[in-house]
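The next block is upload24.cif, given as mmCIF, C-alpha atoms and all ligand atoms.
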data_query
#
loop_
_atom_site.label_atom_id
_atom_site.label_comp_id
_atom_site.auth_asym_id
_atom_site.auth_seq_id
_atom_site.Cartn_x
_atom_site.Cartn_y
_atom_site.Cartn_z
CA MET A 1 0.24 -17.14 -16.38
CA ASP A 2 -3.21 -17.49 -18.00
CA ASP A 3 -4.22 -19.90 -15.23
CA LYS A 4 -3.04 -17.45 -12.59
CA LYS A 5 -4.85 -14.61 -14.30
CA ALA A 6 -8.03 -16.64 -14.31
CA LEU A 7 -7.44 -17.43 -10.62
CA ALA A 8 -6.95 -13.73 -9.83
CA GLN A 9 -10.19 -12.90 -11.66
CA VAL A 10 -12.16 -15.48 -9.66
CA VAL A 11 -10.64 -14.32 -6.37
CA HIS A 12 -11.43 -10.71 -7.21
CA ASP A 13 -15.03 -11.58 -8.15
CA GLU A 14 -15.57 -13.64 -5.00
CA LEU A 15 -14.12 -10.96 -2.73
CA LEU A 16 -16.33 -8.33 -4.39
CA ARG A 17 -19.31 -10.57 -3.76
CA TYR A 18 -18.28 -11.13 -0.13
CA TYR A 19 -17.14 -7.63 0.88
CA GLY A 20 -18.60 -5.35 -1.80
CA THR A 21 -16.73 -2.58 -3.59
CA PRO A 22 -14.38 -0.79 -1.18
CA LYS A 23 -14.19 2.99 -1.01
CA TRP A 24 -11.14 5.06 -0.20
CA THR A 25 -10.29 8.68 0.51
CA ARG A 26 -8.24 10.30 -2.21
CA LEU A 27 -5.37 12.49 -0.99
CA ASP A 28 -3.01 14.62 -3.08
CA GLY A 29 0.29 12.90 -3.90
CA VAL A 30 2.48 14.59 -1.28
CA SER A 31 -0.07 13.95 1.48
CA GLU A 32 -0.41 10.29 0.47
CA LEU A 33 3.36 9.93 0.40
CA VAL A 34 3.67 11.29 3.96
CA SER A 35 0.73 9.19 5.18
CA THR A 36 2.25 6.04 3.67
CA ILE A 37 5.64 6.70 5.25
CA LEU A 38 3.81 7.07 8.58
CA SER A 39 2.02 3.74 8.00
CA GLN A 40 5.27 1.74 7.81
CA ASN A 41 5.31 -0.92 10.56
CA THR A 42 2.16 0.26 12.30
CA ASN A 43 -1.63 -0.04 12.04
CA ASP A 44 -4.09 2.34 10.37
CA GLY A 45 -5.28 3.83 13.66
CA ASN A 46 -1.80 4.85 14.78
CA ARG A 47 -1.00 6.17 11.31
CA ASP A 48 -4.16 8.27 11.21
CA LEU A 49 -3.53 9.71 14.68
CA ALA A 50 0.05 10.65 13.78
CA TYR A 51 -1.07 12.12 10.45
CA SER A 52 -3.78 14.29 12.02
CA ARG A 53 -1.38 15.49 14.76
CA LEU A 54 1.08 16.50 12.06
CA ARG A 55 -1.62 18.38 10.13
CA VAL A 56 -2.82 20.17 13.25
CA ARG A 57 0.66 21.21 14.35
CA PHE A 58 1.85 22.43 10.92
CA ARG A 59 -0.33 24.31 8.45
CA THR A 60 1.51 23.24 5.29
CA TRP A 61 3.96 20.58 4.08
CA GLU A 62 6.48 23.42 3.65
CA GLU A 63 6.23 24.05 7.40
CA VAL A 64 6.80 20.35 8.08
CA ARG A 65 9.80 20.32 5.74
CA ASP A 66 11.41 23.34 7.45
CA ALA A 67 10.46 22.50 11.04
CA ASP A 68 12.72 21.63 13.92
CA PRO A 69 13.16 17.84 13.47
CA GLU A 70 12.27 17.27 17.13
CA ALA A 71 8.88 18.95 16.63
CA VAL A 72 8.07 16.63 13.71
CA VAL A 73 9.21 13.57 15.65
CA ASP A 74 7.04 14.64 18.59
CA ALA A 75 3.97 15.16 16.38
CA ILE A 76 4.19 11.75 14.72
CA ARG A 77 5.11 9.72 17.82
CA PRO A 78 1.86 7.65 17.79
CA ALA A 79 2.98 6.06 14.48
CA GLY A 80 6.05 4.50 16.15
CA LEU A 81 9.65 4.64 14.86
CA ALA A 82 9.20 8.42 14.99
CA ASN A 83 12.96 9.03 15.10
CA GLN A 84 13.26 7.32 11.70
CA LYS A 85 10.01 8.44 10.11
CA GLY A 86 10.36 12.14 11.03
CA PRO A 87 13.71 12.66 9.27
CA ARG A 88 12.53 10.43 6.40
CA ILE A 89 9.46 12.62 5.84
CA GLN A 90 11.45 15.85 6.02
CA ALA A 91 14.10 14.48 3.66
CA ALA A 92 11.40 13.37 1.18
CA LEU A 93 9.79 16.82 1.27
CA SER A 94 13.20 18.47 0.75
CA HIS A 95 13.99 16.09 -2.12
CA ILE A 96 10.73 16.95 -3.91
CA THR A 97 11.37 20.67 -3.45
CA GLN A 98 14.94 20.39 -4.76
CA GLN A 99 13.85 18.38 -7.79
CA ARG A 100 10.67 20.28 -8.67
CA GLY A 101 10.99 23.71 -7.06
CA LYS A 102 7.76 23.16 -5.11
CA LEU A 103 5.98 20.59 -2.98
CA ASN A 104 3.78 19.03 -5.60
CA ILE A 105 4.19 15.69 -7.40
CA ASP A 106 1.15 15.85 -9.71
CA PHE A 107 3.55 15.83 -12.67
CA LEU A 108 3.81 12.06 -12.09
CA ALA A 109 0.33 11.65 -13.61
CA GLU A 110 1.74 12.65 -17.01
CA MET A 111 4.65 10.20 -16.91
CA PRO A 112 4.80 6.61 -18.15
CA VAL A 113 4.23 4.30 -15.16
CA ALA A 114 7.79 2.93 -15.10
CA GLU A 115 9.26 6.44 -15.09
CA ALA A 116 6.92 7.58 -12.33
CA GLN A 117 7.87 4.51 -10.30
CA ALA A 118 11.58 5.19 -10.76
CA TRP A 119 11.15 8.84 -9.78
CA LEU A 120 9.38 8.00 -6.52
CA MET A 121 11.79 5.16 -5.70
CA SER A 122 14.70 7.59 -6.01
CA ILE A 123 13.48 9.22 -2.78
CA ASN A 124 15.34 7.81 0.19
CA GLY A 125 13.12 5.46 2.22
CA VAL A 126 10.45 5.13 -0.48
CA GLY A 127 10.10 1.53 -1.66
CA PRO A 128 7.81 -0.34 -4.06
CA LYS A 129 4.81 -0.42 -1.72
CA THR A 130 4.76 3.32 -1.01
CA THR A 131 5.35 4.00 -4.70
CA ALA A 132 2.48 1.77 -5.78
CA ILE A 133 0.10 3.29 -3.22
CA VAL A 134 0.80 6.85 -4.40
CA LEU A 135 0.54 6.00 -8.11
CA LEU A 136 -2.60 3.90 -7.74
CA PHE A 137 -4.63 5.89 -5.22
CA CYS A 138 -3.63 9.44 -6.24
CA TYR A 139 -3.13 9.11 -9.99
CA ASP A 140 -5.17 6.03 -11.02
CA MET A 141 -2.08 4.39 -12.47
CA PRO A 142 -1.89 0.60 -12.86
CA ALA A 143 0.23 -0.33 -9.84
CA PHE A 144 -0.43 -2.99 -7.21
CA PRO A 145 0.76 -2.38 -3.63
CA VAL A 146 1.73 -5.52 -1.71
CA ASP A 147 1.71 -5.25 2.08
CA THR A 148 2.03 -8.07 4.59
CA HIS A 149 -1.65 -9.10 4.20
CA VAL A 150 -1.60 -9.11 0.40
CA HIS A 151 1.68 -11.05 0.42
CA ARG A 152 0.33 -13.71 2.82
CA VAL A 153 -3.14 -14.13 1.29
CA SER A 154 -2.01 -14.16 -2.33
CA GLY A 155 0.72 -16.66 -1.40
CA ARG A 156 -1.69 -18.99 0.39
CA ILE A 157 -4.17 -18.92 -2.47
CA GLY A 158 -1.36 -19.61 -4.94
CA MET A 159 -1.43 -16.43 -7.02
CA ILE A 160 2.26 -15.98 -6.18
CA GLY A 161 4.81 -18.71 -5.49
CA PRO A 162 6.06 -19.57 -1.99
CA LYS A 163 9.49 -18.06 -2.57
CA VAL A 164 8.30 -14.76 -4.05
CA SER A 165 9.18 -11.82 -1.76
CA ALA A 166 6.75 -8.98 -1.06
CA ASP A 167 8.87 -6.63 -3.17
CA GLU A 168 8.87 -9.08 -6.11
CA ALA A 169 5.12 -9.64 -5.74
CA HIS A 170 4.25 -6.06 -6.76
CA GLY A 171 4.92 -6.66 -10.45
CA ILE A 172 3.44 -10.17 -10.43
CA MET A 173 0.18 -9.12 -8.76
CA ASN A 174 -0.11 -6.11 -11.03
CA ALA A 175 0.20 -8.37 -14.09
CA LEU A 176 -2.38 -10.84 -12.70
CA CYS A 177 -4.90 -8.22 -11.54
CA PRO A 178 -8.02 -7.79 -13.70
CA ALA A 179 -7.62 -4.61 -15.77
CA GLY A 180 -8.40 -1.45 -13.85
CA ALA A 181 -9.25 -3.34 -10.66
CA GLN A 182 -6.03 -2.69 -8.72
CA GLY A 183 -7.67 -0.49 -6.06
CA PRO A 184 -10.63 -2.70 -5.10
CA PHE A 185 -8.66 -5.95 -5.48
CA HIS A 186 -5.83 -4.68 -3.27
CA LEU A 187 -8.20 -3.32 -0.60
CA ASN A 188 -10.39 -6.41 -0.50
CA ILE A 189 -7.38 -8.74 -0.16
CA ILE A 190 -6.15 -6.62 2.76
CA ARG A 191 -9.58 -6.80 4.38
CA HIS A 192 -9.65 -10.55 3.85
CA GLY A 193 -6.25 -10.87 5.48
CA ARG A 194 -7.38 -8.85 8.48
CA GLU A 195 -10.79 -10.43 8.97
CA VAL A 196 -10.54 -14.05 7.78
CA CYS A 197 -7.15 -15.19 6.48
CA HIS A 198 -5.25 -14.27 9.66
CA ALA A 199 -1.50 -14.73 9.84
CA ARG A 200 -1.55 -17.30 12.67
CA LYS A 201 -4.86 -19.10 12.19
CA PRO A 202 -6.84 -18.53 9.02
CA GLU A 203 -10.59 -19.04 9.46
CA CYS A 204 -10.98 -21.22 6.38
CA GLU A 205 -14.36 -22.49 7.58
CA ARG A 206 -15.92 -19.11 6.79
CA CYS A 207 -13.80 -18.21 3.74
CA PRO A 208 -15.47 -17.83 0.32
CA LEU A 209 -12.22 -18.83 -1.44
CA THR A 210 -11.72 -22.42 -0.28
CA ALA A 211 -12.56 -23.87 -3.73
CA TRP A 212 -9.59 -22.02 -5.26
CA CYS A 213 -7.10 -21.84 -2.38
CA ALA A 214 -3.91 -23.92 -2.64
CA HIS A 215 -3.27 -23.71 1.12
CA PHE A 216 -6.78 -24.98 1.89
CA LYS A 217 -6.48 -27.87 -0.56
CA LEU A 218 -3.12 -28.90 0.89
CA SER A 219 -4.33 -28.84 4.47
CA ASN A 220 -7.67 -30.63 3.91
S1 LIG A 301 -9.20 -20.84 2.41
FE1 LIG A 301 -8.11 -20.37 4.32
S2 LIG A 301 -5.96 -20.06 3.74
FE2 LIG A 301 -7.21 -19.93 1.87
S3 LIG A 301 -7.64 -17.74 1.59
FE3 LIG A 301 -9.35 -18.62 2.74
S4 LIG A 301 -8.82 -18.31 4.91
FE4 LIG A 301 -6.95 -18.03 3.71
#
Could you spell out this file's structure in structure tokens?
Ligand code: SF4
Amino acid sequence: MDDKKALAQVVHDELLRYYGTPKWTRLDGVSELVSTILSQNTNDGNRDLAYSRLRVRFRTWEEVRDADPEAVVDAIRPAGLANQKGPRIQAALSHITQQRGKLNIDFLAEMPVAEAQAWLMSINGVGPKTTAIVLLFCYDMPAFPVDTHVHRVSGRIGMIGPKVSADEAHGIMNALCPAGAQGPFHLNIIRHGREVCHARKPECERCPLTAWCAHFKLSN
């Protein structure tokens, strides 16, 4: 574990040197939850288009919650899987209202992390990645979201083992991550996966991590 922690620290430092410190837009918890549900199985551009269409068509999350399901599905169509995501979003908004009496999840900030995780995961269709994104980016809690890029890149480098699933990797990466660096580390690994360590053909020749990467050492 200490070796892997040291590896994670070096990877984080090198990515910061290569890409700089990433910035992100902070949303309130409910908005981030909806945006993250929209992002499932699509790219950022389609997610953003669907999200802005939803915000233009409905003035509040209460209006989205109470809307004709077809109108929500129509608004979010650019995100794909609209027939699944629309009902999922409305059910999540209804669940929050039933549990809390209003559409606000800021109470999570006062909870221990494990309790906040369990509360979000009790919403149908909300898994570990969505949970970690909301807790990290809205409430500065120590959680590490693992998407397809983070799973692939961290596996190739050797921070997680070859048989570790993306769901299992959340806790492992969170434990390895330098303290307080979850946001920038997560975002820089995603960027590295998109720009250099591609799924089909990683561009190792221009990667700053070759000296520490298990995949590179095995294939060279
Ligand atoms: S050396 Fe190659 S496989 Fe390893 S992280 Fe860099 S691009 Fe990916």
**Expected selection as a PyMOL selection string for ligand LIG 301 (chain A) within 6 Å, only C-alpha atoms and all ligand atoms** = chain A and resi 153+156-157+196-197+202-204+207+209-210+213+215-216
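For the residues A:Pro78, A:Gly158, A:Gly29, A:Pro184, ranking by smallest atom-to-atom distance to Ile105 in chain A using only C-alpha atoms places A:Gly29 first.
Distances from A:Asp44, A:Glu70, A:Leu27, A:Met111 to Arg194 in chain A were compared using all atoms listed in the file, and the smallest one belongs to A:Asp44.
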**Message:** List the spatial neighbours of range 159-167 of chain A as a ChimeraX atom specification - criterion: any atom at most 8 Å away, only C-alpha atoms, same-chain residues fewer than 3 positions off excluded.
**Reply:** /A:4,7-8,128-129,146-148,151,154-156,170,172-173
**Message:** Please report the interatomic distance between CA of His95 in chain A and CA of Gly183 in chain A in Å with one decimal.
**Reply:** 27.6 Å
**Message:** Using all atoms listed in the file, which protein or nucleic acid residues come within 12 Å of Trp119 in chain A? Drop anything in the same chain fewer than 2 positions from it, and give the result as a ChimeraX atom specification.
**Reply:** /A:92,95-96,99-100,105,107-109,111-117,121-124,126-128,131-132,134-135
Filtering to C-alpha atoms, could you give me those residues as a PDB file, keeping the file's coordinate frame?
ATOM      1  CA  ALA A  92      11.400  13.370   1.180  1.00  0.00           C
ATOM      2  CA  HIS A  95      13.990  16.090  -2.120  1.00  0.00           C
ATOM      3  CA  ILE A  96      10.730  16.950  -3.910  1.00  0.00           C
ATOM      4  CA  GLN A  99      13.850  18.380  -7.790  1.00  0.00           C
ATOM      5  CA  ARG A 100      10.670  20.280  -8.670  1.00  0.00           C
ATOM      6  CA  ILE A 105       4.190  15.690  -7.400  1.00  0.00           C
ATOM      7  CA  PHE A 107       3.550  15.830 -12.670  1.00  0.00           C
ATOM      8  CA  LEU A 108       3.810  12.060 -12.090  1.00  0.00           C
ATOM      9  CA  ALA A 109       0.330  11.650 -13.610  1.00  0.00           C
ATOM     10  CA  MET A 111       4.650  10.200 -16.910  1.00  0.00           C
ATOM     11  CA  PRO A 112       4.800   6.610 -18.150  1.00  0.00           C
ATOM     12  CA  VAL A 113       4.230   4.300 -15.160  1.00  0.00           C
ATOM     13  CA  ALA A 114       7.790   2.930 -15.100  1.00  0.00           C
ATOM     14  CA  GLU A 115       9.260   6.440 -15.090  1.00  0.00           C
ATOM     15  CA  ALA A 116       6.920   7.580 -12.330  1.00  0.00           C
ATOM     16  CA  GLN A 117       7.870   4.510 -10.300  1.00  0.00           C
ATOM     17  CA  MET A 121      11.790   5.160  -5.700  1.00  0.00           C
ATOM     18  CA  SER A 122      14.700   7.590  -6.010  1.00  0.00           C
ATOM     19  CA  ILE A 123      13.480   9.220  -2.780  1.00  0.00           C
ATOM     20  CA  ASN A 124      15.340   7.810   0.190  1.00  0.00           C
ATOM     21  CA  VAL A 126      10.450   5.130  -0.480  1.00  0.00           C
ATOM     22  CA  GLY A 127      10.100   1.530  -1.660  1.00  0.00           C
ATOM     23  CA  PRO A 128       7.810  -0.340  -4.060  1.00  0.00           C
ATOM     24  CA  THR A 131       5.350   4.000  -4.700  1.00  0.00           C
ATOM     25  CA  ALA A 132       2.480   1.770  -5.780  1.00  0.00           C
ATOM     26  CA  VAL A 134       0.800   6.850  -4.400  1.00  0.00           C
ATOM     27  CA  LEU A 135       0.540   6.000  -8.110  1.00  0.00           C
TER      28      LEU A 135
END
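Distances here use all atoms listed in the file; by that measure, the residue among A:Val30, A:Leu93, A:Val150, A:Ala175 closest to Arg65 in chain A is A:Leu93.
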**Request:** Record the distance separating CA of Tyr51 in chain A and CA of Cys138 in chain A, expressed in Å with one decimal.
**Result:** 17.1 Å
Quick one: everything within 9 Å of Asp74 in chain A, counting all atoms listed in the file, minus sequence neighbours fewer than 5 positions away in the same chain. Send it as an mmCIF file with C-alpha atoms, keeping the file's coordinate frame.
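Final output, out_18.cif:
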data_model
loop_
_atom_site.group_PDB
_atom_site.id
_atom_site.type_symbol
_atom_site.label_atom_id
_atom_site.label_comp_id
_atom_site.auth_asym_id
_atom_site.auth_seq_id
_atom_site.Cartn_x
_atom_site.Cartn_y
_atom_site.Cartn_z
ATOM 1 C CA PRO A 69 13.160 17.840 13.470
ATOM 2 C CA ALA A 82 9.200 8.420 14.990
ATOM 3 C CA ASN A 83 12.960 9.030 15.100
ATOM 4 C CA GLY A 86 10.360 12.140 11.030
#
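Straight-line separation from CA of Asp28 in chain A to CA of Ala169 in chain A: 25.7 Å.
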**Prompt:** So which residues are close to (0.4, 3.6, 13.9), meaning at most 10 Å away in the file's coordinates with only C-alpha atoms counted, and can you show them as a PyMOL selection string?
**Reply:** chain A and resi 38-51+76-81
**Polymer residues at most 8 Å from Gly171 in chain A, all atoms listed in the file, same-chain spacing of 3 or more positions, as a PyMOL selection string** = chain A and resi 143-144+168+174-175
**Request:** Write out as a ChimeraX atom specification each polymer residue whose atoms come within 10 Å of Arg191 in chain A, counting only C-alpha atoms; drop sequence neighbours fewer than 2 positions from it.
**Result:** /A:15,19,22,149-150,185-189,193-197
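Comparing the minimum interatomic distances between Ser35 in chain A and each of A:Leu54, A:Ala214, A:Ala91, A:Ala6, counting only C-alpha atoms, we find that A:Leu54 sits nearest.
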